[in-house]
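S.K.: Dropping the structure in here first, questions after.
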Amino acid sequence: MKGFFLRRLAVVIPTVIGAVTLVFFFLHMIPGDPVEVMLGETAQQADKERLRQELGLNQPLYVQYGRFMAGIVQGDLGGSYFYRRPVVQVIAERVPATVELALAAFIVAGLIAIPLGIIAAMREGTAVDNAAVLFSLVGVSLPNFWLGPLLIILFSIKLGWFPVSGRAGVASLVLPAITLGAAFAAILSRMTRASLLERLGEDYLMVARAKGLPEWKVILKHALRNALIPIITVMGLQIGALLSGAIITENVFSWPGIGTLLINAIEARDYPLVQGCILFISLSYVLVNLLTDLFYGWADPRIRLKG
């Protein structure tokens with residue numbers, strides 16, 4: 001298992017370096033000058049040049065890139081142009097809100113999708129199965145930027161059950177979690193159903209039934225365990241997607257997380273902060289995929305031998 005982990009870890013490092021490098025150069029290609037955003041277009045040219053020199057923006061791009069990568073190795077992401085504070089501190093303040101939203105969306109999706117997928121597989125071809133398939137199609141088709149405002153209009157403005165925006169307790173978490181988890185629940189329920197249907201006709205399930213095991217134990221202990229690989233794949237990929245998809249949802253609900261911070265940093269041309277946010281999202285994504293690979297090894301030991 002240790003060798004399997006090290007081989008997967010060796011893939012993570014170049015992936016993160018590649019993502020950060022692309023973001024750095026693409027970000028500097030975006031039109032707009034952070035100095036003019038900070039001082040205004042009417043500022044004196046001497047003031048602009050002095051600030052540009054203080055921020056190191058007057059240096060060649062390859063020098064700025066080298067300084068940025070050296071800072072990452074040392075755990076220093078630089079200082080935010082807008083907040084005038086270390087990027088690490090600014091991001092650290094926003095991480096709990098994003099993690100809270102992603103976990104809530106993950107729990108909501110799991111509580112809905114996995115039972116629904118199991119029931120649909122056990123009732124294949126019935127009205128329950130058709131309803132589950134319809135739910136997955138509708139859930140995948142609803143974009144966050146449309147579903148979020150719709151939920152706000154219905155449950156916040158019309159009914160007054162939940163806050164419109166902000167982060168002020170459990171009530172304010174409900175609508176963003178549903179918005180973010182809807183598409184995930186749809187995909188996960190469909191994958192659970194399809195994966196479980198492939199296992200329900202296997203001989204080992206007939207043997208388990210012949211031994212007198214109750215049907216719920218046959219499904220949950222034997223069929224579902226062997227159907228976990230594709231389900232884990234979807235869950236691992238979607239957890240990373242929850243973090244990146246939270247950018248839209250956080251802005252719709254004014255949720256004070258990494259997504260809202262990233263959009264504000266892009267608008268302010270705050271290069272170090274944008275790079276720090278993207279680095280956090282990239283690391284989260286590859287870390288989740290690394291954990292997914294480890295779950296593969298737990299669910300099916302043969303993967304450890306092949307990997």
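Following the order of the structure tokens, first chain is A, next is B, and so on, with residues numbered from 1 inside each chain and ligands from 1 in the order they appear.
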Run DSSP on the backbone of this structure and report the residues of region 96-164 of chain A it assigns to alpha helix (DSSP H), as a VMD selection string.
M.R.: chain A and resid 96 to 122 127 to 141 144 to 151
S.K.: Between CA of Ile258 (chain A) and CA of Ala97 (chain A), what is the distance in Å, rounded to a tenth?
M.R.: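 Computing it gives 7.8 Å between the two atoms.
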S.K.: Name the residues in contact with Gly259 (chain A) at a cut-off of 12 Å, using only C-alpha atoms, excluding same-chain residues fewer than 6 positions from it; report them as a list in words.
M.R.: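 Those residues are Ile91, Arg94, Val95, Ala97, Thr98, Val99, Leu101, Ala102, Leu242, Leu243, Ser244, Gly245, Ala246, Ile247, Ile248, Thr249, Glu250, Asn251, Val252, Phe253, Ala265, Ile266, Leu273, Val274, Gly276, Cys277, Ile278, Phe280 and Ile281 of chain A.
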S.K.: What is the distance between CA of Asn58 (chain A) and CA of Pro272 (chain A), in Å to one decimal?
M.R.: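 Separating CA of Asn58 (chain A) from CA of Pro272 (chain A) is a distance of 15.0 Å.
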S.K.: For Leu61 (chain A), list every protein, DNA or RNA residue within 12 Å, evaluated using only C-alpha atoms, and leave out those in the same chain fewer than 6 positions away; present the list as an MDAnalysis selection string.
M.R.: chainID A and resid 21 24:29 67:68
S.K.: Rounded to one decimal in Å, what is the spacing between CA of Leu150 (chain A) and CA of Ser165 (chain A)?
M.R.: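 CA of Leu150 (chain A) sits 13.2 Å away from CA of Ser165 (chain A).
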S.K.: Find the spatial neighbours of region 121-127 of chain A, counting only C-alpha atoms, within a cut-off of 9 Å - ignore same-chain residues fewer than 6 positions away - and output them as a VMD selection string.
M.R.: chain A and resid 192 to 197 200 219
S.K.: Dump N, CA and C atoms for the selected residues as a PDB file, in the first residue's frame?
M.R.:
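What follows is the written file result.pdb:
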ATOM      1  N   THR A 192     -24.838   5.191  -9.055  1.00  0.00           N
ATOM      2  CA  THR A 192     -25.144   4.140  -8.075  1.00  0.00           C
ATOM      3  C   THR A 192     -26.107   3.124  -8.664  1.00  0.00           C
ATOM      4  N   ARG A 193     -27.124   3.601  -9.334  1.00  0.00           N
ATOM      5  CA  ARG A 193     -28.103   2.704  -9.969  1.00  0.00           C
ATOM      6  C   ARG A 193     -27.439   1.830 -11.021  1.00  0.00           C
ATOM      7  N   ALA A 194     -26.671   2.443 -11.935  1.00  0.00           N
ATOM      8  CA  ALA A 194     -26.064   1.680 -13.026  1.00  0.00           C
ATOM      9  C   ALA A 194     -25.053   0.664 -12.500  1.00  0.00           C
ATOM     10  N   SER A 195     -24.240   1.072 -11.541  1.00  0.00           N
ATOM     11  CA  SER A 195     -23.217   0.174 -11.015  1.00  0.00           C
ATOM     12  C   SER A 195     -23.838  -0.986 -10.255  1.00  0.00           C
ATOM     13  N   LEU A 196     -24.896  -0.703  -9.518  1.00  0.00           N
ATOM     14  CA  LEU A 196     -25.540  -1.751  -8.734  1.00  0.00           C
ATOM     15  C   LEU A 196     -26.282  -2.734  -9.638  1.00  0.00           C
ATOM     16  N   LEU A 197     -26.880  -2.241 -10.721  1.00  0.00           N
ATOM     17  CA  LEU A 197     -27.585  -3.128 -11.645  1.00  0.00           C
ATOM     18  C   LEU A 197     -26.633  -4.146 -12.270  1.00  0.00           C
ATOM     19  N   LEU A 200     -26.270  -7.046  -9.557  1.00  0.00           N
ATOM     20  CA  LEU A 200     -27.410  -7.757  -8.979  1.00  0.00           C
ATOM     21  C   LEU A 200     -27.605  -9.158  -9.556  1.00  0.00           C
ATOM     22  N   ILE A 219     -27.724  -6.818  -0.435  1.00  0.00           N
ATOM     23  CA  ILE A 219     -27.531  -5.619  -1.259  1.00  0.00           C
ATOM     24  C   ILE A 219     -26.415  -4.738  -0.703  1.00  0.00           C
TER      25      ILE A 219
END
